[in-house]
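**Student:** Here it is: the structure, laid out below.
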Amino acid sequence: VPLYFDDAQGEVWEELKAMIPPGLAKNADRWIAEIAARLMLKLRTQGLNSSELAQLINALGRLGCTPSDRAKCATAVQPKAGTNEFNEF
């Protein structure tokens with residue numbers, strides 16, 4: 001959680017982090033994740049105008065959090081532990 005986030009922003013950050021497909025987000029994606037977290041909190045507490053809602057949907061898409069954008073994401077396949085005898089090599 002960014003140190004300058006308050007508790008409510010931090011909760012949304014953690015929720016968003018748990019939703020991003022494994023292996024997709026990198027350190028360089030922190031800023032777009034911050035934007036998404038702040039906009040999501042504002043949506044839940046104050047509401048968003050149509051421009052802000054579009055920005056939130058765009059930010060979530062860039063993080064692979066919409067079905068159509070998730071289908072476009074290429075992430076490394078994470079092998080399941082114990083399913084391949086060659087995993088240890």
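We name chains A, B, ... following the order of the structure tokens; residues begin at 1 in each chain, and ligands are numbered from 1 as shown.
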Could you list, as a list in words, every residue within 6 Å of stretch 10-20 of chain A, counting only C-alpha atoms and ignoring same-chain residues fewer than 2 positions away?
**Tutor:**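 So the residues in contact are Val1, Phe5, Asp7, Ala8 and Ala37 of chain A.
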**Student:** Mind writing the picked residues with all heavy atoms as a compact mmCIF listing (two decimals), in the first residue's frame?
**Tutor:**
```
# COMPACT_ATOMS: atom_id res chain seq x y z
N VAL A 1 0.86 -1.18 0.00
CA VAL A 1 0.00 0.00 0.00
C VAL A 1 0.90 1.23 0.00
O VAL A 1 1.82 1.32 0.82
CB VAL A 1 -0.92 0.02 1.25
CG1 VAL A 1 -1.73 1.28 1.30
CG2 VAL A 1 -1.81 -1.20 1.26
N PHE A 5 -1.42 6.70 1.23
CA PHE A 5 -2.84 6.33 1.17
C PHE A 5 -3.41 6.32 2.59
O PHE A 5 -2.74 5.88 3.53
CB PHE A 5 -3.02 4.94 0.56
CG PHE A 5 -3.21 4.93 -0.94
CD1 PHE A 5 -2.83 5.99 -1.74
CD2 PHE A 5 -3.78 3.83 -1.54
CE1 PHE A 5 -3.01 5.96 -3.11
CE2 PHE A 5 -3.97 3.79 -2.91
CZ PHE A 5 -3.59 4.86 -3.70
N ASP A 7 -6.49 4.88 5.25
CA ASP A 7 -6.95 3.50 5.48
C ASP A 7 -7.95 3.03 4.43
O ASP A 7 -7.86 1.91 3.94
CB ASP A 7 -7.57 3.37 6.87
CG ASP A 7 -6.52 3.46 7.98
OD1 ASP A 7 -5.32 3.27 7.69
OD2 ASP A 7 -6.91 3.71 9.13
N ALA A 8 -8.89 3.88 4.06
CA ALA A 8 -9.91 3.49 3.07
C ALA A 8 -9.27 3.24 1.71
O ALA A 8 -9.60 2.27 1.03
CB ALA A 8 -10.99 4.57 2.97
N ALA A 37 -7.45 2.69 -7.81
CA ALA A 37 -7.86 2.58 -6.41
C ALA A 37 -8.57 3.84 -5.94
O ALA A 37 -9.62 3.78 -5.29
CB ALA A 37 -6.66 2.27 -5.52
```
**Student:** At a cut-off of 12 Å, using only C-alpha atoms, what residues contact A:Leu56? Leave out same-chain residues fewer than 5 positions from it and give the result as a list in words.
**Tutor:**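 Surrounding residues, per the criterion: Ile32, Ala33, Glu34, Ile35, Ala36, Ala37, Arg38, Leu39, Met40, Leu41, Lys42, Leu43, Gly47, Leu48, Asn49, Ser50, Ser51, Gly61, Arg62, Leu63, Cys65 and Thr66 of chain A.
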**Student:** Just list as a ChimeraX atom specification whatever in stretch 2-81 of chain A DSSP marks as helix (DSSP H, G or I).
**Tutor:** /A:7-19,27-45,50-62,67-72
**Student:** Next, write the just-selected residues to a file, as a short mmCIF file (atom, residue, chain, number, x, y, z; two decimals), in the first residue's frame, keeping N, CA and C atoms as the atom set.
**Tutor:**
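Saved as again_4.cif:
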```
data_model
loop_
_atom_site.label_atom_id
_atom_site.label_comp_id
_atom_site.auth_asym_id
_atom_site.auth_seq_id
_atom_site.Cartn_x
_atom_site.Cartn_y
_atom_site.Cartn_z
N ASP A 7 -6.49 4.88 5.25
CA ASP A 7 -6.95 3.50 5.48
C ASP A 7 -7.95 3.03 4.43
N ALA A 8 -8.89 3.88 4.06
CA ALA A 8 -9.91 3.49 3.07
C ALA A 8 -9.27 3.24 1.71
N GLN A 9 -8.35 4.11 1.32
CA GLN A 9 -7.64 3.91 0.04
C GLN A 9 -6.81 2.64 0.09
N GLY A 10 -6.20 2.36 1.23
CA GLY A 10 -5.40 1.16 1.38
C GLY A 10 -6.23 -0.11 1.25
N GLU A 11 -7.45 -0.09 1.78
CA GLU A 11 -8.33 -1.25 1.64
C GLU A 11 -8.69 -1.51 0.19
N VAL A 12 -8.98 -0.45 -0.56
CA VAL A 12 -9.30 -0.61 -1.98
C VAL A 12 -8.07 -1.08 -2.74
N TRP A 13 -6.89 -0.55 -2.38
CA TRP A 13 -5.63 -0.97 -3.00
C TRP A 13 -5.44 -2.48 -2.85
N GLU A 14 -5.64 -2.97 -1.63
CA GLU A 14 -5.46 -4.41 -1.37
C GLU A 14 -6.50 -5.23 -2.14
N GLU A 15 -7.72 -4.74 -2.21
CA GLU A 15 -8.77 -5.43 -2.97
C GLU A 15 -8.39 -5.50 -4.45
N LEU A 16 -7.94 -4.37 -4.99
CA LEU A 16 -7.54 -4.33 -6.40
C LEU A 16 -6.35 -5.24 -6.65
N LYS A 17 -5.37 -5.20 -5.77
CA LYS A 17 -4.18 -6.04 -5.92
C LYS A 17 -4.54 -7.51 -5.99
N ALA A 18 -5.52 -7.92 -5.20
CA ALA A 18 -5.94 -9.32 -5.19
C ALA A 18 -6.68 -9.70 -6.47
N MET A 19 -7.23 -8.72 -7.17
CA MET A 19 -8.01 -9.01 -8.38
C MET A 19 -7.17 -9.03 -9.65
N ASN A 27 6.06 -3.33 -11.33
CA ASN A 27 6.28 -2.12 -10.54
C ASN A 27 5.87 -0.86 -11.32
N ALA A 28 6.09 -0.85 -12.61
CA ALA A 28 5.74 0.31 -13.43
C ALA A 28 4.23 0.55 -13.51
N ASP A 29 3.44 -0.42 -13.10
CA ASP A 29 1.98 -0.29 -13.14
C ASP A 29 1.40 0.31 -11.87
N ARG A 30 2.24 0.65 -10.91
CA ARG A 30 1.76 1.19 -9.64
C ARG A 30 0.94 2.46 -9.83
N TRP A 31 1.35 3.33 -10.72
CA TRP A 31 0.63 4.60 -10.87
C TRP A 31 -0.77 4.39 -11.41
N ILE A 32 -0.92 3.52 -12.39
CA ILE A 32 -2.26 3.27 -12.91
C ILE A 32 -3.10 2.55 -11.86
N ALA A 33 -2.46 1.71 -11.04
CA ALA A 33 -3.19 1.06 -9.95
C ALA A 33 -3.62 2.07 -8.90
N GLU A 34 -2.79 3.07 -8.63
CA GLU A 34 -3.17 4.13 -7.69
C GLU A 34 -4.38 4.89 -8.21
N ILE A 35 -4.37 5.21 -9.49
CA ILE A 35 -5.51 5.92 -10.09
C ILE A 35 -6.77 5.07 -9.97
N ALA A 36 -6.65 3.80 -10.29
CA ALA A 36 -7.81 2.91 -10.21
C ALA A 36 -8.33 2.81 -8.77
N ALA A 37 -7.45 2.69 -7.81
CA ALA A 37 -7.86 2.58 -6.41
C ALA A 37 -8.57 3.84 -5.94
N ARG A 38 -8.02 4.99 -6.27
CA ARG A 38 -8.63 6.26 -5.86
C ARG A 38 -10.00 6.45 -6.51
N LEU A 39 -10.10 6.14 -7.79
CA LEU A 39 -11.38 6.28 -8.48
C LEU A 39 -12.42 5.30 -7.96
N MET A 40 -12.01 4.08 -7.64
CA MET A 40 -12.95 3.10 -7.10
C MET A 40 -13.49 3.56 -5.75
N LEU A 41 -12.62 4.09 -4.92
CA LEU A 41 -13.07 4.59 -3.62
C LEU A 41 -14.04 5.75 -3.82
N LYS A 42 -13.73 6.64 -4.74
CA LYS A 42 -14.63 7.77 -5.00
C LYS A 42 -15.97 7.27 -5.53
N LEU A 43 -15.95 6.26 -6.40
CA LEU A 43 -17.20 5.67 -6.91
C LEU A 43 -18.06 5.18 -5.76
N ARG A 44 -17.44 4.52 -4.81
CA ARG A 44 -18.18 3.92 -3.70
C ARG A 44 -18.65 4.95 -2.67
N THR A 45 -17.95 6.04 -2.54
CA THR A 45 -18.28 7.00 -1.47
C THR A 45 -19.01 8.24 -1.96
N SER A 50 -19.54 10.78 -15.62
CA SER A 50 -19.31 9.84 -16.73
C SER A 50 -17.85 9.82 -17.18
N SER A 51 -17.17 10.94 -17.13
CA SER A 51 -15.77 10.99 -17.52
C SER A 51 -14.91 10.20 -16.54
N GLU A 52 -15.15 10.38 -15.25
CA GLU A 52 -14.40 9.65 -14.24
C GLU A 52 -14.67 8.15 -14.33
N LEU A 53 -15.93 7.78 -14.58
CA LEU A 53 -16.27 6.37 -14.72
C LEU A 53 -15.54 5.75 -15.91
N ALA A 54 -15.46 6.49 -17.00
CA ALA A 54 -14.72 6.01 -18.17
C ALA A 54 -13.24 5.83 -17.83
N GLN A 55 -12.69 6.76 -17.04
CA GLN A 55 -11.29 6.65 -16.64
C GLN A 55 -11.07 5.43 -15.75
N LEU A 56 -12.03 5.17 -14.86
CA LEU A 56 -11.91 3.99 -13.99
C LEU A 56 -11.95 2.71 -14.82
N ILE A 57 -12.90 2.62 -15.73
CA ILE A 57 -13.00 1.43 -16.57
C ILE A 57 -11.74 1.24 -17.39
N ASN A 58 -11.18 2.34 -17.90
CA ASN A 58 -9.94 2.27 -18.67
C ASN A 58 -8.79 1.78 -17.80
N ALA A 59 -8.67 2.32 -16.59
CA ALA A 59 -7.59 1.91 -15.68
C ALA A 59 -7.73 0.44 -15.30
N LEU A 60 -8.95 0.00 -15.00
CA LEU A 60 -9.16 -1.41 -14.67
C LEU A 60 -8.82 -2.31 -15.85
N GLY A 61 -9.18 -1.86 -17.05
CA GLY A 61 -8.84 -2.64 -18.25
C GLY A 61 -7.35 -2.78 -18.44
N ARG A 62 -6.62 -1.70 -18.20
CA ARG A 62 -5.16 -1.75 -18.35
C ARG A 62 -4.51 -2.71 -17.35
N PRO A 67 -13.28 -8.54 -18.36
CA PRO A 67 -13.20 -9.79 -19.13
C PRO A 67 -12.53 -9.64 -20.49
N SER A 68 -12.88 -8.61 -21.23
CA SER A 68 -12.31 -8.47 -22.58
C SER A 68 -10.81 -8.15 -22.51
N ASP A 69 -10.41 -7.31 -21.57
CA ASP A 69 -8.99 -6.99 -21.45
C ASP A 69 -8.18 -8.15 -20.88
N ARG A 70 -8.79 -8.91 -19.99
CA ARG A 70 -8.10 -10.08 -19.43
C ARG A 70 -7.80 -11.10 -20.54
N ALA A 71 -8.70 -11.21 -21.51
CA ALA A 71 -8.49 -12.15 -22.61
C ALA A 71 -7.30 -11.75 -23.48
N LYS A 72 -6.95 -10.47 -23.47
CA LYS A 72 -5.83 -9.97 -24.28
C LYS A 72 -4.50 -10.06 -23.55
#
```
